[in-house]
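Asker: Below you'll find model36.cif; it's mmCIF, C-alpha atoms.
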data_model
#
loop_
_atom_site.label_atom_id
_atom_site.label_comp_id
_atom_site.auth_asym_id
_atom_site.auth_seq_id
_atom_site.Cartn_x
_atom_site.Cartn_y
_atom_site.Cartn_z
CA MET A 1 0.00 0.00 0.00
CA SER A 2 2.95 2.34 0.73
CA LYS A 3 4.04 2.16 -2.92
CA ILE A 4 0.71 3.55 -4.13
CA PRO A 5 0.66 7.38 -4.28
CA LEU A 6 -1.70 9.01 -1.79
CA GLU A 7 -3.47 10.81 -4.63
CA ILE A 8 -4.42 7.49 -6.21
CA ILE A 9 -5.66 6.08 -2.90
CA THR A 10 -7.72 9.23 -2.32
CA GLU A 11 -9.18 9.00 -5.83
CA ILE A 12 -10.24 5.40 -5.24
CA PHE A 13 -11.50 5.92 -1.70
CA GLN A 14 -13.74 8.88 -2.56
CA GLN A 15 -15.81 6.55 -4.76
CA LEU A 16 -16.40 3.92 -2.09
CA PRO A 17 -19.45 3.57 0.16
CA VAL A 18 -19.12 4.61 3.79
CA ARG A 19 -19.38 1.06 5.12
CA SER A 20 -16.27 0.02 3.17
CA LEU A 21 -14.34 3.08 4.33
CA LEU A 22 -15.18 2.39 7.96
CA ARG A 23 -13.76 -1.11 7.57
CA PHE A 24 -10.61 0.21 5.89
CA ARG A 25 -9.87 2.44 8.88
CA SER A 26 -8.34 -0.60 10.59
CA LEU A 27 -5.85 -1.28 7.76
CA SER A 28 -3.22 1.17 8.98
CA LYS A 29 -2.78 4.44 10.82
CA PRO A 30 -2.13 6.44 7.60
CA ILE A 31 -5.30 5.05 6.01
CA CYS A 32 -7.29 5.78 9.17
CA SER A 33 -5.93 9.34 9.24
CA LEU A 34 -6.86 9.84 5.59
CA ILE A 35 -10.45 8.63 6.07
CA ASP A 36 -10.92 10.73 9.21
CA ASP A 37 -9.42 13.85 7.64
CA PRO A 38 -12.04 16.66 7.36
CA ASP A 39 -10.87 17.51 3.83
CA PHE A 40 -11.37 13.92 2.69
CA ILE A 41 -14.78 13.79 4.36
CA LYS A 42 -15.85 16.86 2.34
CA LEU A 43 -14.30 15.41 -0.83
CA HIS A 44 -16.14 12.11 -0.40
CA LEU A 45 -19.47 13.86 0.27
CA ASN A 46 -19.12 16.20 -2.72
CA HIS A 47 -18.22 13.28 -4.99
CA SER A 48 -21.30 11.34 -3.86
CA ILE A 49 -23.59 14.32 -4.47
CA THR A 50 -22.16 15.34 -7.87
CA THR A 51 -22.02 11.78 -9.23
CA LYS A 52 -25.27 10.72 -7.50
CA SER A 53 -23.58 7.73 -5.94
CA ASN A 54 -24.01 6.43 -2.39
CA LEU A 55 -27.51 7.95 -2.29
CA SER A 56 -30.69 6.60 -0.74
CA VAL A 57 -34.33 7.60 -0.49
CA ILE A 58 -35.70 7.69 3.06
CA LEU A 59 -39.33 6.63 3.32
CA LYS A 60 -40.97 8.19 6.37
CA GLU A 61 -44.00 6.50 7.87
CA TRP A 62 -44.65 5.04 11.34
CA GLU A 63 -41.33 3.27 10.81
CA LEU A 64 -38.35 4.48 8.79
CA TYR A 65 -37.08 2.79 5.62
CA THR A 66 -34.27 3.40 3.16
CA VAL A 67 -34.16 2.51 -0.53
CA ASP A 68 -30.92 2.44 -2.51
CA PHE A 69 -31.14 5.09 -5.24
CA ASP A 70 -29.22 3.06 -7.82
CA THR A 71 -31.72 0.19 -7.75
CA LEU A 72 -34.91 1.65 -6.21
CA SER A 73 -36.11 -1.89 -5.70
CA ALA A 74 -36.28 -2.89 -2.04
CA ALA A 75 -36.99 -0.96 1.16
CA VAL A 76 -34.97 -1.78 4.27
CA GLU A 77 -36.35 -0.83 7.67
CA VAL A 78 -34.01 1.32 9.76
CA LYS A 79 -33.93 -0.31 13.19
CA HIS A 80 -30.62 1.01 14.41
CA HIS A 81 -31.44 4.66 14.97
CA PRO A 82 -31.23 5.95 18.56
CA LEU A 83 -34.93 6.78 18.93
CA TYR A 84 -36.20 3.41 17.70
CA ALA A 85 -38.93 2.53 20.16
CA ALA A 86 -42.26 1.17 18.97
CA GLY A 87 -42.21 3.40 15.89
CA GLY A 88 -43.40 6.94 15.55
CA THR A 89 -40.00 8.52 14.90
CA GLU A 90 -39.89 11.16 12.17
CA VAL A 91 -37.02 12.37 10.00
CA ILE A 92 -37.46 16.15 10.02
CA GLY A 93 -34.65 16.79 7.56
CA SER A 94 -31.43 15.45 6.05
CA VAL A 95 -28.28 17.50 5.44
CA ASN A 96 -24.81 16.23 4.46
CA GLY A 97 -25.56 12.70 5.61
CA LEU A 98 -26.97 13.74 8.98
CA VAL A 99 -30.65 13.41 9.85
CA PHE A 100 -32.65 15.14 12.55
CA LEU A 101 -34.95 12.69 14.35
CA ARG A 102 -37.99 13.49 16.45
CA HIS A 103 -39.88 10.92 18.51
CA SER A 104 -41.55 13.49 20.76
CA GLU A 105 -40.94 17.06 21.87
CA ARG A 106 -38.67 15.66 24.58
CA ASN A 107 -36.88 13.09 22.45
CA LEU A 108 -34.76 14.64 19.68
CA ALA A 109 -31.48 13.54 18.12
CA VAL A 110 -29.08 14.20 15.26
CA TYR A 111 -27.86 10.96 13.68
CA ASN A 112 -25.57 9.76 10.92
CA LEU A 113 -27.31 6.74 9.38
CA SER A 114 -24.06 5.49 7.81
CA THR A 115 -21.57 5.76 10.68
CA ARG A 116 -24.10 5.31 13.51
CA GLU A 117 -22.79 8.40 15.27
CA LEU A 118 -25.44 10.25 17.22
CA LYS A 119 -26.11 13.10 19.55
CA LYS A 120 -29.28 13.44 21.57
CA CYS A 121 -30.29 17.07 21.74
CA PHE A 122 -30.59 18.93 24.99
CA VAL A 123 -34.29 19.82 25.14
CA VAL A 124 -35.85 23.02 26.44
CA GLU A 125 -39.43 22.53 27.58
CA ILE A 126 -42.21 24.22 25.61
CA LYS A 127 -44.07 26.46 28.05
CA PRO A 128 -47.14 28.58 27.24
CA PRO A 129 -46.60 32.30 27.94
CA ARG A 130 -49.74 32.55 30.12
CA ARG A 131 -52.04 30.24 32.05
CA ASP A 132 -55.00 30.54 29.68
CA TRP A 133 -52.86 29.64 26.64
CA ILE A 134 -52.04 26.13 25.36
CA ALA A 135 -49.55 24.74 22.88
CA GLY A 136 -50.65 24.41 19.25
CA TYR A 137 -48.53 23.20 16.34
CA VAL A 138 -44.78 22.81 16.74
CA TYR A 139 -42.74 23.34 13.58
CA TYR A 140 -39.19 22.09 13.07
CA GLY A 141 -36.41 22.54 10.55
CA PHE A 142 -32.85 21.24 10.21
CA GLY A 143 -30.03 22.91 8.31
CA TYR A 144 -26.30 23.59 8.02
CA ASP A 145 -24.66 26.91 8.84
CA SER A 146 -21.68 26.94 6.47
CA VAL A 147 -20.27 30.14 8.01
CA GLY A 148 -20.18 28.82 11.56
CA ASP A 149 -19.68 25.18 10.45
CA ASP A 150 -22.60 24.19 12.65
CA TYR A 151 -25.77 22.14 12.25
CA LYS A 152 -28.86 23.83 13.63
CA VAL A 153 -32.43 22.93 14.54
CA VAL A 154 -35.16 25.56 14.39
CA ARG A 155 -38.22 25.01 16.61
CA MET A 156 -41.28 27.24 16.28
CA ALA A 157 -43.90 26.52 18.95
CA GLN A 158 -47.33 28.08 18.53
CA PHE A 159 -49.56 29.04 21.46
CA ILE A 160 -53.29 29.74 21.28
CA ARG A 161 -55.97 30.70 23.80
CA GLU A 162 -57.51 27.68 25.46
CA ASP A 163 -61.04 28.78 24.49
CA ASP A 164 -60.22 29.23 20.76
CA GLY A 165 -61.59 25.77 20.02
CA GLY A 166 -59.16 23.67 18.02
CA VAL A 167 -55.48 23.15 17.52
CA GLY A 168 -53.99 25.99 15.51
CA GLY A 169 -56.80 28.38 16.39
CA ASP A 170 -57.73 28.76 12.74
CA GLY A 171 -60.45 26.28 12.01
CA ASP A 172 -62.21 28.52 9.50
CA GLY A 173 -59.01 29.38 7.66
CA VAL A 174 -59.61 33.12 8.10
CA GLY A 175 -58.10 34.26 11.36
CA GLY A 176 -55.00 33.04 13.09
CA LEU A 177 -53.60 36.38 14.27
CA ASP A 178 -54.67 35.77 17.87
CA CYS A 179 -51.74 33.51 18.67
CA GLU A 180 -48.13 33.72 19.76
CA TYR A 181 -44.94 31.91 18.80
CA ASP A 182 -41.84 30.92 20.67
CA VAL A 183 -38.93 30.42 18.26
CA LYS A 184 -35.69 28.83 19.39
CA VAL A 185 -32.58 27.68 17.52
CA TYR A 186 -30.51 24.74 18.69
CA SER A 187 -26.77 24.64 17.94
CA LEU A 188 -25.33 21.15 17.61
CA LYS A 189 -21.84 22.53 18.16
CA ASN A 190 -22.71 24.30 21.41
CA ASP A 191 -25.56 22.02 22.55
CA LYS A 192 -27.60 25.12 23.42
CA TRP A 193 -30.89 26.75 22.46
CA LYS A 194 -31.14 30.43 21.56
CA LYS A 195 -34.41 32.37 21.73
CA ILE A 196 -35.30 34.49 18.68
CA GLU A 197 -36.94 37.76 19.66
CA ASP A 198 -37.62 39.61 16.39
CA LEU A 199 -40.55 37.71 14.87
CA PRO A 200 -42.41 38.80 11.70
CA ILE A 201 -46.18 39.39 11.72
CA ARG A 202 -46.48 36.84 8.89
CA LEU A 203 -45.54 34.11 11.34
CA ARG A 204 -48.94 34.45 13.01
CA LEU A 205 -50.56 33.33 9.75
CA LEU A 206 -48.37 30.24 9.45
CA SER A 207 -50.81 27.86 11.09
CA LYS A 208 -53.94 26.70 9.29
CA GLN A 209 -55.87 23.73 10.61
CA PHE A 210 -54.63 20.42 9.13
CA PHE A 211 -52.57 22.22 6.46
CA HIS A 212 -49.13 21.49 7.93
CA VAL A 213 -50.07 18.03 9.19
CA LEU A 214 -50.92 16.87 5.68
CA HIS A 215 -47.89 15.95 3.55
CA ARG A 216 -45.51 16.95 6.39
CA ARG A 217 -45.64 20.62 5.40
CA GLY A 218 -44.62 21.58 8.94
CA TYR A 219 -41.03 20.49 8.31
CA GLY A 220 -38.78 23.29 7.11
CA VAL A 221 -37.18 22.88 3.67
CA PHE A 222 -33.45 23.63 3.66
CA ALA A 223 -31.98 25.31 0.58
CA GLY A 224 -29.33 27.96 0.07
CA HIS A 225 -28.56 29.06 3.60
CA ALA A 226 -32.07 29.03 5.02
CA LEU A 227 -35.06 26.99 6.10
CA HIS A 228 -38.41 27.64 4.43
CA TRP A 229 -42.08 27.16 5.26
CA ILE A 230 -45.25 27.95 3.33
CA VAL A 231 -47.56 30.45 4.96
CA PRO A 232 -50.84 29.28 3.40
CA GLN A 233 -53.12 31.65 1.56
CA ARG A 234 -56.24 33.19 3.10
CA ARG A 235 -58.56 33.82 0.18
CA GLN A 236 -61.16 35.46 2.43
CA LEU A 237 -58.60 38.07 3.43
CA GLY A 238 -57.06 38.41 -0.01
CA ILE A 239 -53.73 37.06 1.27
CA ARG A 240 -51.76 34.86 -1.13
CA ASP A 241 -49.28 32.11 -0.27
CA CYS A 242 -46.00 33.32 1.21
CA VAL A 243 -42.64 31.54 1.33
CA LEU A 244 -41.20 32.42 4.73
CA GLY A 245 -37.47 31.89 5.13
CA PHE A 246 -35.22 31.74 8.18
CA ASP A 247 -31.52 32.44 7.60
CA ILE A 248 -29.67 30.09 9.96
CA ARG A 249 -26.45 32.10 9.62
CA ASP A 250 -27.79 35.24 11.29
CA ASP A 251 -31.07 33.85 12.73
CA LYS A 252 -33.37 36.24 10.86
CA PHE A 253 -36.70 35.77 9.08
CA PHE A 254 -37.32 37.03 5.55
CA GLU A 255 -39.69 36.45 2.64
CA ILE A 256 -38.63 34.74 -0.58
CA PRO A 257 -39.80 36.41 -3.84
CA GLN A 258 -42.00 34.03 -5.78
CA PRO A 259 -42.27 33.41 -9.53
CA ASN A 260 -45.00 34.91 -11.68
CA TYR A 261 -47.37 31.96 -11.63
CA GLU A 262 -49.70 31.27 -14.53
CA SER A 263 -53.40 31.64 -13.68
CA LYS A 264 -54.80 28.95 -16.04
CA GLY A 265 -58.26 30.03 -14.93
CA MET A 266 -58.02 27.92 -11.76
CA ASN A 267 -57.22 28.39 -8.10
CA PHE A 268 -53.89 26.99 -7.02
CA GLN A 269 -51.98 25.96 -3.89
CA VAL A 270 -48.23 26.49 -3.53
CA ASP A 271 -45.90 24.01 -1.83
CA ILE A 272 -42.13 24.11 -1.46
CA GLY A 273 -39.34 21.59 -1.85
CA VAL A 274 -35.68 21.27 -2.72
CA LEU A 275 -34.37 19.76 -5.94
CA GLU A 276 -30.65 18.96 -5.87
CA GLY A 277 -29.88 21.87 -3.56
CA ASN A 278 -32.11 24.42 -5.30
CA LEU A 279 -35.29 25.78 -3.76
CA CYS A 280 -38.36 24.84 -5.77
CA VAL A 281 -42.08 25.54 -5.60
CA MET A 282 -44.88 23.30 -6.77
CA CYS A 283 -47.94 25.17 -8.00
CA ASN A 284 -50.91 22.79 -7.78
CA TYR A 285 -53.93 23.80 -9.90
CA GLU A 286 -56.98 22.20 -8.26
CA HIS A 287 -55.26 18.76 -8.21
CA VAL A 288 -55.36 18.63 -12.02
CA CYS A 289 -51.96 20.00 -12.97
CA VAL A 290 -48.74 20.82 -11.11
CA ASP A 291 -46.12 23.29 -12.35
CA VAL A 292 -42.64 22.92 -10.85
CA TRP A 293 -40.47 26.05 -10.63
CA VAL A 294 -36.80 26.07 -9.59
CA MET A 295 -34.85 29.04 -8.22
CA ARG A 296 -31.51 28.71 -10.03
CA GLU A 297 -29.79 31.53 -8.13
CA TYR A 298 -30.90 31.68 -4.54
CA GLY A 299 -32.75 34.84 -3.52
CA LEU A 300 -33.15 36.30 -7.03
CA LYS A 301 -36.73 36.52 -8.31
CA GLU A 302 -35.47 36.68 -11.90
CA SER A 303 -33.80 33.28 -11.52
CA TRP A 304 -37.10 31.39 -11.13
CA CYS A 305 -37.51 28.96 -14.04
CA LYS A 306 -40.50 26.77 -14.79
CA MET A 307 -38.84 23.39 -15.25
CA PHE A 308 -41.81 21.19 -16.13
CA SER A 309 -45.53 20.61 -15.70
CA VAL A 310 -47.15 17.32 -14.66
CA GLN A 311 -50.66 16.46 -15.77
CA GLY A 312 -52.77 13.87 -17.56
CA ILE A 313 -51.32 10.67 -16.05
CA ARG A 314 -54.01 8.01 -16.56
CA TRP A 315 -53.48 6.05 -13.36
CA ILE A 316 -53.39 9.15 -11.13
CA SER A 317 -56.90 10.54 -10.77
CA ALA A 318 -55.84 13.63 -8.81
CA PHE A 319 -52.59 15.28 -7.75
CA MET A 320 -53.29 15.84 -4.07
CA PHE A 321 -49.58 16.43 -3.48
CA LEU A 322 -46.43 16.23 -5.58
CA ARG A 323 -42.78 16.72 -4.62
CA PRO A 324 -39.71 16.41 -6.89
CA LEU A 325 -36.78 14.59 -5.28
CA ILE A 326 -33.88 14.24 -7.73
CA TYR A 327 -33.01 14.11 -11.42
CA SER A 328 -31.93 10.83 -12.99
CA LYS A 329 -28.22 10.39 -13.63
CA ASP A 330 -28.70 11.09 -17.35
CA GLY A 331 -30.77 14.18 -16.55
CA GLY A 332 -33.70 13.05 -18.69
CA LYS A 333 -36.14 12.24 -15.89
CA VAL A 334 -37.07 13.43 -12.43
CA LEU A 335 -38.10 11.28 -9.48
CA LEU A 336 -41.39 12.45 -7.98
CA GLU A 337 -43.22 11.64 -4.77
CA VAL A 338 -46.94 11.61 -5.62
CA ASN A 339 -49.84 11.66 -3.16
CA ASP A 340 -47.74 10.25 -0.28
CA GLU A 341 -47.97 6.77 -1.80
CA LYS A 342 -45.93 6.51 -5.00
CA LEU A 343 -42.47 7.22 -6.35
CA VAL A 344 -42.65 8.00 -10.05
CA TRP A 345 -40.02 8.55 -12.73
CA TYR A 346 -41.28 11.36 -14.95
CA ASP A 347 -39.88 12.10 -18.40
CA TRP A 348 -40.93 15.74 -18.78
CA LYS A 349 -39.88 16.00 -22.43
CA ASN A 350 -42.00 13.08 -23.60
CA LYS A 351 -44.65 13.53 -20.86
CA ARG A 352 -44.34 9.93 -19.73
CA ALA A 353 -44.46 8.51 -16.22
CA LYS A 354 -43.47 5.18 -14.73
CA VAL A 355 -44.22 3.98 -11.22
CA VAL A 356 -41.26 2.74 -9.19
CA LYS A 357 -42.15 -0.60 -7.63
CA ILE A 358 -40.51 -0.96 -4.23
CA ARG A 359 -40.64 -4.22 -2.28
CA GLY A 360 -41.13 -4.21 1.46
CA GLY A 361 -41.96 -0.54 1.86
CA PRO A 362 -44.91 1.13 3.60
CA SER A 363 -48.12 1.84 1.69
CA SER A 364 -48.07 5.53 2.60
CA TYR A 365 -45.03 7.69 3.25
CA GLY A 366 -43.17 10.93 2.90
CA SER A 367 -39.76 10.83 1.26
CA GLU A 368 -36.38 12.47 1.67
CA MET A 369 -33.10 12.16 -0.25
CA TYR A 370 -30.12 11.03 1.80
CA ALA A 371 -26.40 11.03 0.94
CA GLU A 372 -24.06 8.67 2.76
CA SER A 373 -21.28 10.58 4.47
CA LEU A 374 -18.49 10.39 7.01
CA VAL A 375 -19.50 13.74 8.53
CA ARG A 376 -18.73 13.70 12.24
CA ILE A 377 -21.13 14.69 14.98
CA ASN A 378 -19.60 16.61 17.88
CA ASP A 379 -18.83 14.22 20.74
CA GLY A 380 -20.16 11.41 18.57
CA ASP A 381 -19.24 7.79 19.15
CA ARG A 382 -18.06 5.98 16.04
CA ASN A 383 -17.77 2.63 17.79
CA GLY A 384 -21.50 1.99 17.59
CA TRP A 385 -21.34 1.13 13.91
CA LYS A 386 -19.29 -2.02 14.61
CA GLU A 387 -21.99 -3.64 16.75
CA GLN A 388 -24.69 -2.72 14.27
CA GLN A 389 -22.58 -4.02 11.39
CA GLU A 390 -22.46 -7.44 13.07
CA ILE A 391 -26.24 -7.33 13.56
CA ASP A 392 -26.77 -6.36 9.91
CA GLU A 393 -24.56 -9.24 8.75
CA GLU A 394 -26.48 -11.71 10.94
CA GLU A 395 -29.80 -10.47 9.56
CA GLU A 396 -28.48 -10.76 6.00
CA GLU A 397 -27.46 -14.37 6.65
CA LYS A 398 -30.93 -15.08 8.07
CA ARG A 399 -32.58 -13.58 4.99
CA LYS A 400 -30.42 -15.73 2.70
CA ALA A 401 -31.22 -18.84 4.73
CA GLU A 402 -34.96 -18.09 4.66
CA LYS A 403 -34.86 -17.48 0.92
CA LYS A 404 -32.98 -20.75 0.38
CA ARG A 405 -35.53 -22.59 2.54
CA ASP A 406 -38.48 -21.01 0.67
CA ASN A 407 -36.96 -21.97 -2.67
CA PHE A 408 -36.45 -25.55 -1.45
CA LEU A 409 -40.05 -25.80 -0.23
CA SER A 410 -41.32 -24.33 -3.48
CA VAL A 411 -39.41 -26.91 -5.55
CA GLY A 412 -40.64 -29.73 -3.30
CA PHE A 413 -44.24 -28.57 -3.66
CA LYS A 414 -43.93 -28.54 -7.46
CA LEU A 415 -42.40 -32.03 -7.49
CA LYS A 416 -45.28 -33.33 -5.41
CA LEU A 417 -47.77 -31.88 -7.86
#
Reformat the file's structure so that it appears as structure tokens.
Answerer:
Amino acid sequence: MSKIPLEIITEIFQQLPVRSLLRFRSLSKPICSLIDDPDFIKLHLNHSITTKSNLSVILKEWELYTVDFDTLSAAVEVKHHPLYAAGGTEVIGSVNGLVFLRHSERNLAVYNLSTRELKKCFVVEIKPPRRDWIAGYVYYGFGYDSVGDDYKVVRMAQFIREDDGGVGGDGDGVGGLDCEYDVKVYSLKNDKWKKIEDLPIRLRLLSKQFFHVLHRRGYGVFAGHALHWIVPQRRQLGIRDCVLGFDIRDDKFFEIPQPNYESKGMNFQVDIGVLEGNLCVMCNYEHVCVDVWVMREYGLKESWCKMFSVQGIRWISAFMFLRPLIYSKDGGKVLLEVNDEKLVWYDWKNKRAKVVKIRGGPSSYGSEMYAESLVRINDGDRNGWKEQQEIDEEEEEKRKAEKKRDNFLSVGFKLKL
């Protein structure tokens, strides 16, 4: 190994999956130092993202599943995460190979699915400002502060009067101003929460009954240097949809300029997403047609570009919700999540769609792209991956044995017939 130039080793190693690299750490001290080097960790992550290798799709339901992006064939349940306890754990967001997990308001963690490193977050209790107020919706977002080299969690807790009658205090979709918010930002590096004082008036319109529960709209979308939420429209008040951003570098709210949507003679609902690092909006026209716009240069209204429109797919009666996830490696198709129940490859040039058939996955789910990475978590423990690796290998051997047994029984049954 010493005769091979370091540049060649680095070139080879940056193409390997994380599991292989973790095993190679035991080869020698120089190899271990290379793999643990922050520059190599960034190089490996950037290579995976640009070449679309070492990627997975996370399926979020009562349990968590991952599907390898290269094959998109079989879902594998994630049982090794630190909050695994009778289900109910949500992935709020994924950034640079780290995921933010929430099992309850008191049980939060940042976790690297590939290395098994974790950090449970110090939790500050959510307390109503006055006795006659109760907690409403709690919104979360997870992002990376590239200036401070820190991963941050944003928590926005809503409080409403106890006699308002209904969570969110906006059952008729008109009001919503008679509420308060407590916004805090958690720093993974410092393991501390910071209270945000300067809150925009638009924030009081964020909550609309059931709106953010459906399709996991309450989870902030990370793009550029900010987290984003949709403030839903109030037609009765003449208020259109607003894209509210929160800059995690300086902890300030702002509004994102939106594209000039086409009217098409129909009402429409705006949702937000991220497509390969770029902020995007999905303009849904009465569940009949969805236009997808991408902001090519973050923050510039003029950079909005309508990428494609989805409509007229025979086996989809209505587009209740649509989210783009990633382009294919050849750039000719885009992977879509449709109606919380299907992954679809869509060829926007030829207007053709093909359902992705995944074995072993849930029937209903939200989805999130995930890139394998060696990114370290402060005070993380890398030893945990070894135990889990042994468990994974045992389970794989069991699956092979069961498959061999099933094949044997199947052959025997046919012979008997």
Asker: Could you pull the residues within 6 Å of range 95-103 of chain A, counting all atoms listed in the file, minus those fewer than 5 positions along the same chain, as an NGL selection string?
Answerer: :A and (89-90 or 108-112 or 371-373)
Asker: Choose the residue, out of A:Lys342, A:Lys29, A:Arg19, A:His47, that has the smallest atom-to-atom separation from Ser364 in chain A; count all atoms listed in the file.
Answerer: A:Lys342
Asker: Decode the PyMOL selection byres ((chain A and resi 272) around 10) for the given file into explicit residues and return them as an MDAnalysis selection string.
Answerer: chainID A and resid 217 220:221 228:230 243 270:271 273:275 279:283 292:294 322:324
Asker: For the point (-52.8, 18.9, -12.7) in the file's frame, write as a list in words all residues with an atom no more than 10 Å away, counting all atoms listed in the file.
Answerer: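 Using all atoms listed in the file, the matching residues come out as Phe268, Cys283, Asn284, Tyr285, Glu286, His287, Val288, Cys289, Val290, Asp291, Ser309, Val310, Gln311, Gly312, Ile313, Ile316, Ser317, Ala318, Phe319, Met320 and Leu322 of chain A.
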Asker: What gap, in Å, lies between CA of Leu16 in chain A and CA of Asn54 in chain A?
Answerer: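 That distance, rounded to one decimal, is 8.0 Å.
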Asker: I want to know what sits within 10 Å of range 327-341 of chain A, based on all atoms listed in the file, with residues of the same chain fewer than 4 positions away left out; could you give that as number ranges by chain?
Answerer: A: 50-53, 59-61, 69-70, 214-216, 275-276, 308, 316, 318-323, 345-356, 362-368
Asker: Tell me which of A:Leu227, A:Leu300, A:Leu34, A:Leu343 sits closest to Tyr144 in chain A, counting only C-alpha atoms.
Answerer: A:Leu227
Asker: Which residue gives the smallest distance to Pro129 in chain A among A:Glu302, A:Arg161, A:Gly245, A:Lys79, with all atoms listed in the file counted?
Answerer: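 Counting all atoms listed in the file, the residue closest to Pro129 in chain A is A:Arg161.
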Asker: Mind pulling up the distance from CA of Lys152 in chain A to CA of Asn190 in chain A?
Answerer: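 So the answer is 9.9 Å.
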Asker: Identify which of the residues A:Ser26, A:Thr66, A:Gln158, A:Asn107 lies closest to Cys179 in chain A, counting all atoms listed in the file when measuring atom-to-atom distances.
Answerer: A:Gln158
Asker: What does the distance between CA of Leu188 in chain A and CA of Leu118 in chain A come to in Å, to one decimal place?
Answerer: 10.9 Å
Asker: Here is a test: counting only C-alpha atoms, which residue of A:Glu180, A:Pro17, A:Arg106, A:Ile248 is nearest to Asp68 in chain A?
Answerer: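 Among A:Glu180, A:Pro17, A:Arg106, A:Ile248, it is A:Pro17 that comes nearest to Asp68 in chain A.
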